[in-house]
Structures are given as structure tokens and as C-alpha cells.
file structure.cif (mmCIF, C-alpha atoms (C1' of nucleotides))
data_run
#
loop_
_atom_site.label_atom_id
_atom_site.label_comp_id
_atom_site.auth_asym_id
_atom_site.auth_seq_id
_atom_site.Cartn_x
_atom_site.Cartn_y
_atom_site.Cartn_z
CA MET A 1395 117.35 87.79 71.03
CA SER A 1396 113.78 87.63 72.25
CA SER A 1397 111.59 84.57 72.60
CA ARG A 1398 107.92 84.16 71.96
CA LEU A 1399 104.93 82.39 73.40
CA GLN A 1400 101.42 81.75 72.16
CA VAL A 1401 98.93 83.26 74.59
CA PRO A 1402 95.28 82.64 73.67
CA VAL A 1403 93.39 84.50 76.43
CA PHE A 1404 95.73 87.26 77.47
CA SER A 1405 95.93 91.06 77.47
CA LEU A 1406 99.34 92.30 78.56
CA ARG A 1407 98.13 95.88 78.64
CA ASP A 1408 95.21 95.27 80.97
CA THR A 1409 97.22 92.87 83.11
CA MET A 1410 99.92 95.49 83.64
CA GLU A 1411 97.76 98.58 83.93
CA CYS A 1412 94.82 97.45 86.04
CA GLY A 1413 96.53 98.51 89.25
CA GLN A 1414 97.44 95.14 90.77
CA PHE A 1415 101.18 95.48 90.16
CA PHE A 1416 103.44 98.48 90.48
CA ARG A 1417 106.95 97.69 89.28
CA PHE A 1418 106.89 98.25 85.56
CA THR A 1419 107.72 101.00 83.09
CA GLN A 1420 106.20 101.41 79.71
CA VAL A 1421 108.64 102.09 76.89
CA GLY A 1422 106.68 102.37 73.69
CA ARG A 1423 104.82 99.09 73.27
CA THR A 1424 107.22 97.35 75.63
CA TYR A 1425 106.81 96.87 79.34
CA VAL A 1426 110.02 96.72 81.35
CA VAL A 1427 109.02 94.67 84.37
CA GLN A 1428 110.82 94.34 87.68
CA THR A 1429 110.14 91.81 90.40
CA GLY A 1430 112.48 90.70 93.14
CA GLY A 1431 115.90 90.97 91.56
CA ARG A 1432 114.69 90.41 88.02
CA ILE A 1433 114.30 92.87 85.21
CA PHE A 1434 112.91 91.87 81.84
CA ALA A 1435 110.88 93.07 78.88
CA LEU A 1436 107.47 92.02 77.54
CA TRP A 1437 105.47 93.02 74.51
CA GLN A 1438 102.49 91.54 72.79
CA LYS A 1439 101.24 91.32 69.22
CA LYS A 1440 97.89 89.62 68.80
CA ASP A 1441 98.13 86.21 70.45
CA THR A 1442 101.91 86.26 70.65
CA LEU A 1443 103.76 87.39 73.74
CA TYR A 1444 107.40 88.33 73.20
CA TYR A 1445 109.80 88.26 76.11
CA ASP A 1446 113.43 89.01 76.78
CA GLY A 1447 115.56 88.64 79.89
CA VAL A 1448 113.43 86.02 81.61
CA GLU A 1449 112.85 82.28 81.34
CA GLU A 1450 109.60 80.95 79.98
CA GLU A 1451 109.07 78.84 83.08
CA PHE A 1452 109.08 81.91 85.33
CA LEU A 1453 106.84 83.86 83.00
CA LEU A 1454 104.20 81.13 82.83
CA ARG A 1455 103.86 81.25 86.60
CA PHE A 1456 104.20 85.02 86.95
CA LEU A 1457 101.45 85.76 84.45
CA ARG A 1458 99.43 82.69 85.42
CA LEU A 1459 99.52 81.47 81.84
CA ASP A 1460 99.43 77.97 83.34
CA GLU A 1461 95.83 78.65 84.35
CA ASP A 1462 92.71 78.08 82.24
CA LEU A 1463 91.37 81.64 82.35
CA GLY A 1464 88.51 80.88 79.96
CA ALA A 1465 87.15 78.27 82.36
CA ILE A 1466 87.49 80.60 85.35
CA LEU A 1467 85.71 83.44 83.55
CA LYS A 1468 82.82 81.10 82.78
CA MET A 1469 82.53 80.31 86.47
CA ILE A 1470 82.40 83.93 87.66
CA ASP A 1471 80.16 85.14 84.81
CA ARG A 1472 77.12 85.25 87.06
CA ASP A 1473 75.26 88.43 86.13
CA PRO A 1474 75.07 91.20 83.49
CA VAL A 1475 77.50 93.51 85.31
CA ILE A 1476 80.40 91.10 85.63
CA HIS A 1477 79.55 89.81 82.16
CA SER A 1478 80.09 93.25 80.71
CA ALA A 1479 83.39 93.63 82.57
CA ILE A 1480 84.55 90.26 81.25
CA GLU A 1481 83.53 91.11 77.69
CA THR A 1482 85.41 94.41 77.88
CA TYR A 1483 88.62 93.14 79.43
CA ARG A 1484 88.81 89.44 78.55
CA GLY A 1485 92.45 88.41 78.84
CA LEU A 1486 93.13 90.44 81.98
CA ARG A 1487 95.01 88.07 84.26
CA LEU A 1488 96.08 88.07 87.88
CA ILE A 1489 99.81 88.41 88.36
CA ARG A 1490 101.38 85.94 90.75
CA GLN A 1491 103.56 88.26 92.80
CA ASP A 1492 106.31 87.48 95.25
CA PRO A 1493 104.59 87.36 98.68
CA TRP A 1494 107.08 89.58 100.51
CA GLU A 1495 107.23 92.14 97.72
CA CYS A 1496 103.45 92.09 97.57
CA LEU A 1497 103.04 92.65 101.31
CA ILE A 1498 105.40 95.62 101.32
CA SER A 1499 103.83 97.08 98.18
CA TYR A 1500 100.34 96.98 99.66
CA LEU A 1501 101.53 98.30 103.03
CA CYS A 1502 102.68 101.32 101.03
CA SER A 1503 99.39 101.52 99.18
CA SER A 1504 97.07 102.53 101.99
CA ALA A 1505 95.33 105.80 101.19
CA LYS A 1506 97.64 106.53 98.29
CA GLY A 1507 97.40 106.98 94.55
CA ILE A 1508 99.27 104.69 92.22
CA PRO A 1509 102.05 107.15 91.21
CA HIS A 1510 103.03 107.76 94.81
CA ILE A 1511 102.89 104.06 95.69
CA ARG A 1512 105.30 103.44 92.83
CA SER A 1513 107.63 106.16 93.99
CA ILE A 1514 107.76 104.80 97.58
CA ILE A 1515 108.46 101.30 96.28
CA GLU A 1516 111.20 102.50 93.96
CA ASN A 1517 112.82 104.38 96.84
CA LEU A 1518 112.67 101.27 99.02
CA CYS A 1519 114.38 99.33 96.25
CA LYS A 1520 117.21 101.84 96.23
CA CYS A 1521 117.71 100.85 99.88
CA SER A 1522 118.75 97.39 98.71
CA GLY A 1523 121.64 99.03 96.91
CA ARG A 1524 121.77 96.36 94.21
CA LYS A 1525 121.46 97.65 90.70
CA VAL A 1526 119.90 95.73 87.85
CA ARG A 1527 119.96 96.70 84.20
CA TYR A 1528 117.95 96.04 81.10
CA GLY A 1529 119.44 97.92 78.17
CA ASN A 1530 119.59 101.55 79.19
CA TYR A 1531 117.09 101.06 81.94
CA VAL A 1532 118.54 100.89 85.46
CA GLY A 1533 116.61 99.66 88.47
CA TYR A 1534 117.23 98.18 91.89
CA GLU A 1535 116.46 94.81 93.42
CA PHE A 1536 113.62 94.61 95.88
CA PRO A 1537 114.99 94.73 99.46
CA GLU A 1538 114.96 91.69 101.73
CA PRO A 1539 113.07 91.94 105.06
CA VAL A 1540 116.18 92.55 107.16
CA CYS A 1541 117.04 95.44 104.86
CA LEU A 1542 114.08 97.46 106.12
CA THR A 1543 114.80 97.02 109.82
CA SER A 1544 118.23 98.57 109.94
CA SER A 1545 118.48 102.16 111.07
CA ARG A 1546 118.38 104.25 107.98
CA GLN A 1547 117.22 107.59 106.79
CA TRP A 1548 113.54 107.06 106.07
CA ASP A 1549 112.58 110.64 105.32
CA TRP A 1550 113.45 110.59 101.65
CA VAL A 1551 111.52 107.37 101.06
CA GLY A 1552 108.29 109.33 101.42
CA ALA A 1553 106.45 106.57 103.22
CA GLY A 1554 104.92 108.90 105.83
CA PHE A 1555 103.03 107.12 108.56
CA ARG A 1556 103.52 103.81 106.70
CA LYS A 1557 107.17 103.86 107.74
CA SER A 1558 106.51 102.13 111.06
CA TYR A 1559 104.47 99.45 109.27
CA LEU A 1560 107.40 98.71 106.98
CA VAL A 1561 109.94 98.51 109.78
CA LYS A 1562 107.67 96.25 111.77
CA ALA A 1563 107.03 93.98 108.79
CA GLY A 1564 110.77 93.70 108.25
CA GLN A 1565 111.23 92.69 111.87
CA CYS A 1566 108.35 90.19 112.04
CA ILE A 1567 108.35 88.55 108.69
CA GLU A 1568 110.64 86.11 107.02
CA ARG A 1569 109.80 84.88 103.56
CA GLU A 1570 109.43 81.36 104.84
CA GLY A 1571 106.68 82.24 107.33
CA LEU A 1572 104.80 84.25 104.76
CA ILE A 1573 104.87 81.46 102.18
CA ASN A 1574 103.70 78.95 104.80
CA LEU A 1575 100.44 80.89 105.09
CA LYS A 1576 99.53 79.14 101.85
CA ASN A 1577 98.94 75.98 103.83
CA LEU A 1578 96.27 77.57 106.00
CA PRO A 1579 92.59 77.97 105.16
CA TYR A 1580 91.77 81.41 103.74
CA ARG A 1581 90.19 82.78 106.92
CA GLU A 1582 93.10 81.75 109.10
CA ALA A 1583 95.72 83.10 106.73
CA ARG A 1584 93.83 86.38 106.70
CA GLU A 1585 93.67 86.47 110.51
CA ALA A 1586 97.41 85.90 110.67
CA LEU A 1587 98.18 88.70 108.24
CA THR A 1588 95.97 91.24 109.98
CA GLU A 1589 98.06 90.74 113.12
CA LEU A 1590 100.65 92.93 111.43
CA PRO A 1591 100.26 96.68 112.02
CA GLY A 1592 99.07 98.43 108.89
CA VAL A 1593 97.44 95.27 107.55
CA GLY A 1594 93.65 95.43 107.67
CA LYS A 1595 91.20 93.37 105.66
CA LYS A 1596 91.80 95.12 102.38
CA VAL A 1597 95.59 94.92 102.43
CA ALA A 1598 95.44 91.34 103.72
CA ASP A 1599 93.16 90.32 100.86
CA CYS A 1600 95.51 91.92 98.33
CA VAL A 1601 98.44 89.93 99.71
CA LEU A 1602 96.37 86.73 99.81
CA LEU A 1603 95.09 87.16 96.26
CA TYR A 1604 98.12 88.61 94.49
CA GLY A 1605 100.87 86.91 96.50
CA LEU A 1606 99.59 83.75 98.09
CA ASP A 1607 97.28 82.10 95.54
CA PHE A 1608 94.04 82.53 97.51
CA LEU A 1609 91.77 83.12 94.54
CA GLU A 1610 88.70 83.47 96.76
CA ALA A 1611 90.12 86.65 98.34
CA PHE A 1612 88.17 89.74 97.21
CA PRO A 1613 89.82 93.01 98.30
CA ILE A 1614 87.19 95.66 98.98
CA ASP A 1615 88.37 99.24 98.62
CA THR A 1616 86.16 102.30 98.20
CA TRP A 1617 85.87 101.88 94.42
CA ILE A 1618 84.72 98.31 94.72
CA LYS A 1619 82.46 99.19 97.62
CA LYS A 1620 80.75 101.95 95.67
CA GLY A 1621 80.42 99.73 92.64
CA LEU A 1622 79.01 96.78 94.55
CA GLN A 1623 76.52 99.02 96.29
CA LYS A 1624 75.31 100.45 93.03
CA ALA A 1625 75.28 97.23 91.03
CA TYR A 1626 74.06 94.69 93.55
CA PHE A 1627 72.45 96.54 96.47
CA ARG A 1628 70.33 99.23 94.77
CA ASN A 1629 72.59 101.89 96.29
CA ARG A 1630 71.62 100.94 99.81
CA GLN A 1631 74.14 101.23 102.62
CA VAL A 1632 75.47 97.80 103.41
CA GLY A 1633 77.93 96.70 106.08
CA PRO A 1634 81.30 95.15 105.26
CA LYS A 1635 80.21 91.78 106.61
CA LYS A 1636 77.16 91.54 104.34
CA MET A 1637 79.24 92.64 101.39
CA GLU A 1638 81.88 89.97 102.00
CA GLU A 1639 79.22 87.29 102.33
CA PHE A 1640 77.60 88.43 99.11
CA VAL A 1641 80.72 88.34 96.94
CA SER A 1642 81.79 85.03 98.37
CA ARG A 1643 78.40 83.44 97.69
CA HIS A 1644 77.82 85.18 94.36
CA PHE A 1645 81.22 84.66 92.73
CA GLY A 1646 82.49 81.57 94.55
CA ARG A 1647 86.01 80.24 94.76
CA PHE A 1648 87.36 82.48 91.98
CA ALA A 1649 85.90 85.67 93.44
CA GLY A 1650 89.34 87.29 93.25
CA TYR A 1651 89.19 87.26 89.47
CA ALA A 1652 85.77 88.90 89.64
CA GLN A 1653 87.26 91.64 91.80
CA LEU A 1654 90.07 92.18 89.29
CA TYR A 1655 87.63 92.60 86.40
CA LEU A 1656 85.14 94.75 88.30
CA TYR A 1657 87.85 97.01 89.69
CA HIS A 1658 89.38 97.63 86.29
CA TYR A 1659 85.95 98.08 84.72
CA TRP A 1660 84.62 100.52 87.29
CA ARG A 1661 87.80 102.55 87.41
CA ASN A 1662 87.70 103.04 83.68
CA GLN A 1663 84.01 103.78 83.39
CA PRO A 1664 83.16 105.67 86.54
CA ILE A 1665 80.08 104.70 88.49
CA ARG A 1666 77.35 107.24 88.06
"C1'" DA B 836 78.82 101.09 115.09
"C1'" DT B 837 80.70 105.78 114.11
"C1'" DC B 838 84.09 109.34 113.81
"C1'" DC B 839 88.37 111.11 112.49
"C1'" DA B 840 93.68 111.83 112.49
"C1'" DG B 841 97.21 111.46 109.46
"C1'" DG B 842 100.44 112.11 104.98
"C1'" DG B 843 101.53 113.70 100.69
"C1'" DG B 844 100.37 113.85 95.85
"C1'" DG B 845 96.76 115.04 92.46
"C1'" DA B 846 92.97 117.87 91.00
"C1'" DT B 847 90.76 122.11 91.25
"C1'" DT B 848 90.31 126.84 91.74
"C1'" DA C 143 99.80 129.45 94.94
"C1'" DA C 144 96.42 128.01 97.91
"C1'" DT C 145 92.92 124.90 98.90
"C1'" DC C 146 90.33 120.76 98.62
"C1'" DC C 147 90.04 115.89 97.97
"C1'" DC C 148 91.29 111.24 98.36
"C1'" DC C 149 91.67 106.94 101.51
"C1'" DA C 150 93.32 102.00 104.54
"C1'" DT C 151 94.14 101.61 109.09
"C1'" DG C 152 93.65 102.07 113.87
"C1'" DG C 153 92.32 104.10 117.99
"C1'" DA C 154 88.88 106.77 120.52
#
call {"tool": "encode", "arguments": {"input": "structure.cif", "output": "C-alpha cells"}}
result
Amino acid sequence: MSSRLQVPVFSLRDTMECGQFFRFTQVGRTYVVQTGGRIFALWQKKDTLYYDGVEEEFLLRFLRLDEDLGAILKMIDRDPVIHSAIETYRGLRLIRQDPWECLISYLCSSAKGIPHIRSIIENLCKCSGRKVRYGNYVGYEFPEPVCLTSSRQWDWVGAGFRKSYLVKAGQCIEREGLINLKNLPYREAREALTELPGVGKKVADCVLLYGLDFLEAFPIDTWIKKGLQKAYFRNRQVGPKKMEEFVSRHFGRFAGYAQLYLYHYWRNQPIR
DNA sequence: ATCCAGGGGGATT
DNA sequence: AATCCCCATGGA
């Protein structure tokens, strides 16, 4: 029934639960994962990843198992703080998300906790009206852009003031245009994304890092900001510009991985 | 640069 | 049950 894969530097648990990705449900030791119109199951024992309902080819890309994480971690391991985060969570990987799904997810994320983000996204998926099943578990496909523009009842979605962002994104964006941002330099792709209402630097960087393969993107939210201040700036106030310059210079072209590790690390052992 | 509305769930009391 | 807290964005 299920297939298996050897995964040397990989932690399914940390990869799922670090807050980068929202569409999964934990059922015992199994994660039922949804993305786009897919629904499949993953579980891990030691260095073996078991999967069901998905092709290996997709999974390798989705979980970035085609990437030499060990080599990347060596490159970002620049100081005792990041070193400790890497030691604690080695195997945490970026998930390569669908760009459109990623944009909508992070538009929903502004000033929200993870449970509510998940609930908004699930409600949006119900708008697509297309059911998917894995065993007893029933979900819905992620809606296409045009699906969000039509006049519908938005109240029950619970998106609040993000509603207008979502409608606008549905009107402006086609998958093609979003994917083409990959061909631009990081700065330009970021400029283009922040043209959209509701997309500031933080949300743009999330879309660039999680959806568009810009591994130098380093999303700075309040957790990261507090942590960076404490760890690298002796608790001094420091402007967003200086902070961006620092992480870019300090961590280099794989800064996004550093952000992933630091975020997970600081969220799980609060900054004093 | 700085301040703050705005929205709804979670934590706290 | 009531109140406080949280927070990315955007506009003043």
C-alpha cells in the first residue's frame, strides 16, 4: 500500500510543525497533508519516510529532498546561536509550496495565530467546492484565483480585513505571472509582490522563500526581530534596513534556511 | 520615522 | 464572562 524512501537528513515533525505550512492534520504518527488538489499521508521512522497517495517525484520536490541540506547547514552555521538551532533541529527542511497557495496563505496570516490562519484557509478551500478524500479524511481542493473574485458570501470565511486582499489577489494574479517572478532577481521579485495590497516585506519574503525558491529571502516577523536584536545586536533598537543587511551579509545566499531554524528555535525556547 | 486602526482568536483574570 | 494581548499592513 505505502511506499518508502530513505531520508538521511530529515525531520518530518519539525518540517510540518515549524509554522511554514498550514494544510496538514496530524493523525497519530501520520500527517495527512493537503496541497493544491492533492491529499496524501506521510510518516517517518528513523531514516525512513513512508508515504501513501502521492508520487515519489512530487514528494522529493515538495520536501526538498533533492537538496543537500547538510551542505547548506554548513554554510549558514556562522555563529553559536544558529549553531545551537541547527544542532537542535537538524533535518528541518523548507517545504516547496505552490506559489499561489502560498501567497493566499500568507495574505491570511497577517496578525493572526496559526489556528486561525488554518481555519481561514480551510474555509477558502470549501469555496472551491471540490472534495478530496484520504481514507476517512475529507478535505477540499485549494481554490483557483478566479474562484476568489466571484461575488460570494465572505462573512463565514472569517478573513476580516484580509478579505479585500484576497479578492484583489484573485483579480490581479494568474499562476503564470506569479511563477514568472522566479526569473527576476530577488529584489525585483520582492518589489513586484509588494505592489499587491496586503503584501508587505514580511509576507513577500514568505512567498519568495516558501513558494518561489528564493533561498536568500529572510522573513522578519516580531519573533525573529526580537531574537535577532537579542542575539546579534545586544538588545539595541535597530531599524529594519540594518537588520536586513545584517542577515543577508551574515548568512548569505541560504539565509532563508537560517530564518527557518532560528524561528523554530526561538518559538520553542522563548527569548528571555 | 512614528503612531495606531483594525479583526478575531487565545490567554488571562 | 470580561478584558487584555497579539500583530502585518497601510495610511496619517
call {"tool": "closest_atom_pairs", "arguments": {"input": "structure.cif", "of": "chain A", "to": "chain B", "cutoff": "10 Å", "atoms": "only C-alpha atoms (C1' of nucleotides)", "output": "Markdown table"}}
result
| residue | atom | partner | partner_atom | distance |
| --- | --- | --- | --- | --- |
| A:Ala1505 | CA | B:DG842 | C1' | 9.0 |
| A:Lys1506 | CA | B:DG844 | C1' | 8.2 |
| A:Gly1507 | CA | B:DG844 | C1' | 7.6 |
| A:Ile1508 | CA | B:DG844 | C1' | 9.9 |
| A:Pro1509 | CA | B:DG844 | C1' | 8.3 |
| A:His1510 | CA | B:DG844 | C1' | 6.7 |
| A:Gly1552 | CA | B:DG843 | C1' | 8.1 |
| A:Ala1553 | CA | B:DG842 | C1' | 8.4 |
| A:Gly1554 | CA | B:DG842 | C1' | 5.6 |
| A:Phe1555 | CA | B:DG842 | C1' | 6.7 |
| A:Arg1556 | CA | B:DG842 | C1' | 9.0 |
call {"tool": "write_last_selection", "arguments": {"input": "structure.cif", "atoms": "C-alpha atoms", "output": "compact mmCIF listing (two decimals), in the frame of the given file"}}
result
# COMPACT_ATOMS: atom_id res chain seq x y z
CA ALA A 1505 95.33 105.80 101.19
CA LYS A 1506 97.64 106.53 98.29
CA GLY A 1507 97.40 106.98 94.55
CA ILE A 1508 99.27 104.69 92.22
CA PRO A 1509 102.05 107.15 91.21
CA HIS A 1510 103.03 107.76 94.81
CA GLY A 1552 108.29 109.33 101.42
CA ALA A 1553 106.45 106.57 103.22
CA GLY A 1554 104.92 108.90 105.83
CA PHE A 1555 103.03 107.12 108.56
CA ARG A 1556 103.52 103.81 106.70
call {"tool": "atom_distance", "arguments": {"input": "structure.cif", "atom1": "CA of Phe1452 (chain A)", "atom2": "CA of Arg1432 (chain A)"}}
result
10.5 Å
call {"tool": "atom_distance", "arguments": {"input": "structure.cif", "atom1": "CA of Gly1633 (chain A)", "atom2": "CA of Val1597 (chain A)"}}
result
18.1 Å
call {"tool": "interface_residues", "arguments": {"input": "structure.cif", "of": "chain A", "to": "chain C", "cutoff": "9 Å", "atoms": "all atoms listed in the file", "output": "VMD selection string"}}
result
chain A and resid 1503 to 1507 1591 to 1597 1615 to 1616
call {"tool": "residues_around", "arguments": {"input": "structure.cif", "residues": "region 1396-1401 of chain A", "least_positions_apart": "4", "cutoff": "6 Å", "atoms": "only C-alpha atoms (C1' of nucleotides)", "output": "JSON, numbers by chain"}}
result
{"A": [1441, 1442, 1443, 1444, 1445, 1446]}
call {"tool": "atom_distance", "arguments": {"input": "structure.cif", "atom1": "CA of Thr1482 (chain A)", "atom2": "CA of Leu1609 (chain A)"}}
result
21.1 Å
call {"tool": "build_atoms", "arguments": {"input": "structure.cif", "residues": "region 1584-1611 of chain A", "atoms": "N, CA and C atoms", "output": "mmCIF file, in the coordinates of the input"}}
result
data_model
loop_
_atom_site.group_PDB
_atom_site.id
_atom_site.type_symbol
_atom_site.label_atom_id
_atom_site.label_comp_id
_atom_site.auth_asym_id
_atom_site.auth_seq_id
_atom_site.Cartn_x
_atom_site.Cartn_y
_atom_site.Cartn_z
ATOM 1 N N ARG A 1584 94.211 84.980 106.634
ATOM 2 C CA ARG A 1584 93.830 86.380 106.700
ATOM 3 C C ARG A 1584 93.960 86.914 108.131
ATOM 4 N N GLU A 1585 93.502 86.114 109.092
ATOM 5 C CA GLU A 1585 93.670 86.470 110.510
ATOM 6 C C GLU A 1585 95.132 86.723 110.830
ATOM 7 N N ALA A 1586 95.977 85.801 110.373
ATOM 8 C CA ALA A 1586 97.410 85.900 110.670
ATOM 9 C C ALA A 1586 97.998 87.178 110.095
ATOM 10 N N LEU A 1587 97.627 87.509 108.877
ATOM 11 C CA LEU A 1587 98.180 88.700 108.240
ATOM 12 C C LEU A 1587 97.730 89.980 108.929
ATOM 13 N N THR A 1588 96.474 90.007 109.366
ATOM 14 C CA THR A 1588 95.970 91.240 109.980
ATOM 15 C C THR A 1588 96.550 91.464 111.375
ATOM 16 N N GLU A 1589 97.317 90.505 111.877
ATOM 17 C CA GLU A 1589 98.060 90.740 113.120
ATOM 18 C C GLU A 1589 99.112 91.832 112.919
ATOM 19 N N LEU A 1590 99.607 91.947 111.714
ATOM 20 C CA LEU A 1590 100.650 92.930 111.430
ATOM 21 C C LEU A 1590 100.062 94.348 111.429
ATOM 22 N N PRO A 1591 100.755 95.299 112.055
ATOM 23 C CA PRO A 1591 100.260 96.680 112.020
ATOM 24 C C PRO A 1591 100.257 97.214 110.595
ATOM 25 N N GLY A 1592 99.192 97.875 110.234
ATOM 26 C CA GLY A 1592 99.070 98.430 108.890
ATOM 27 C C GLY A 1592 98.379 97.467 107.938
ATOM 28 N N VAL A 1593 98.128 96.238 108.397
ATOM 29 C CA VAL A 1593 97.440 95.270 107.550
ATOM 30 C C VAL A 1593 96.014 95.061 108.064
ATOM 31 N N GLY A 1594 95.062 95.666 107.391
ATOM 32 C CA GLY A 1594 93.650 95.430 107.670
ATOM 33 C C GLY A 1594 93.120 94.425 106.655
ATOM 34 N N LYS A 1595 91.795 94.342 106.562
ATOM 35 C CA LYS A 1595 91.200 93.370 105.660
ATOM 36 C C LYS A 1595 91.584 93.582 104.200
ATOM 37 N N LYS A 1596 91.551 94.831 103.785
ATOM 38 C CA LYS A 1596 91.800 95.120 102.380
ATOM 39 C C LYS A 1596 93.227 94.748 101.976
ATOM 40 N N VAL A 1597 94.192 95.222 102.743
ATOM 41 C CA VAL A 1597 95.590 94.920 102.430
ATOM 42 C C VAL A 1597 95.832 93.418 102.531
ATOM 43 N N ALA A 1598 95.272 92.784 103.565
ATOM 44 C CA ALA A 1598 95.440 91.340 103.720
ATOM 45 C C ALA A 1598 94.915 90.600 102.489
ATOM 46 N N ASP A 1599 93.737 90.995 102.028
ATOM 47 C CA ASP A 1599 93.160 90.320 100.860
ATOM 48 C C ASP A 1599 94.014 90.526 99.605
ATOM 49 N N CYS A 1600 94.614 91.699 99.470
ATOM 50 C CA CYS A 1600 95.510 91.920 98.330
ATOM 51 C C CYS A 1600 96.694 90.972 98.392
ATOM 52 N N VAL A 1601 97.284 90.812 99.564
ATOM 53 C CA VAL A 1601 98.440 89.930 99.710
ATOM 54 C C VAL A 1601 98.018 88.472 99.461
ATOM 55 N N LEU A 1602 96.856 88.103 99.984
ATOM 56 C CA LEU A 1602 96.370 86.730 99.810
ATOM 57 C C LEU A 1602 96.085 86.430 98.342
ATOM 58 N N LEU A 1603 95.467 87.378 97.659
ATOM 59 C CA LEU A 1603 95.090 87.160 96.260
ATOM 60 C C LEU A 1603 96.278 87.273 95.311
ATOM 61 N N TYR A 1604 97.052 88.343 95.448
ATOM 62 C CA TYR A 1604 98.120 88.610 94.490
ATOM 63 C C TYR A 1604 99.410 87.851 94.821
ATOM 64 N N GLY A 1605 99.595 87.512 96.108
ATOM 65 C CA GLY A 1605 100.870 86.910 96.500
ATOM 66 C C GLY A 1605 100.796 85.474 96.947
ATOM 67 N N LEU A 1606 99.624 85.052 97.438
ATOM 68 C CA LEU A 1606 99.590 83.750 98.090
ATOM 69 C C LEU A 1606 98.578 82.766 97.482
ATOM 70 N N ASP A 1607 98.098 83.066 96.280
ATOM 71 C CA ASP A 1607 97.280 82.100 95.540
ATOM 72 C C ASP A 1607 95.909 81.800 96.154
ATOM 73 N N PHE A 1608 95.402 82.713 96.997
ATOM 74 C CA PHE A 1608 94.040 82.530 97.510
ATOM 75 C C PHE A 1608 93.073 83.219 96.547
ATOM 76 N N LEU A 1609 92.575 82.486 95.584
ATOM 77 C CA LEU A 1609 91.770 83.120 94.540
ATOM 78 C C LEU A 1609 90.366 83.485 95.022
ATOM 79 N N GLU A 1610 90.000 83.067 96.222
ATOM 80 C CA GLU A 1610 88.700 83.470 96.760
ATOM 81 C C GLU A 1610 88.765 84.833 97.450
ATOM 82 N N ALA A 1611 89.984 85.345 97.696
ATOM 83 C CA ALA A 1611 90.120 86.650 98.340
ATOM 84 C C ALA A 1611 89.577 87.751 97.423
#
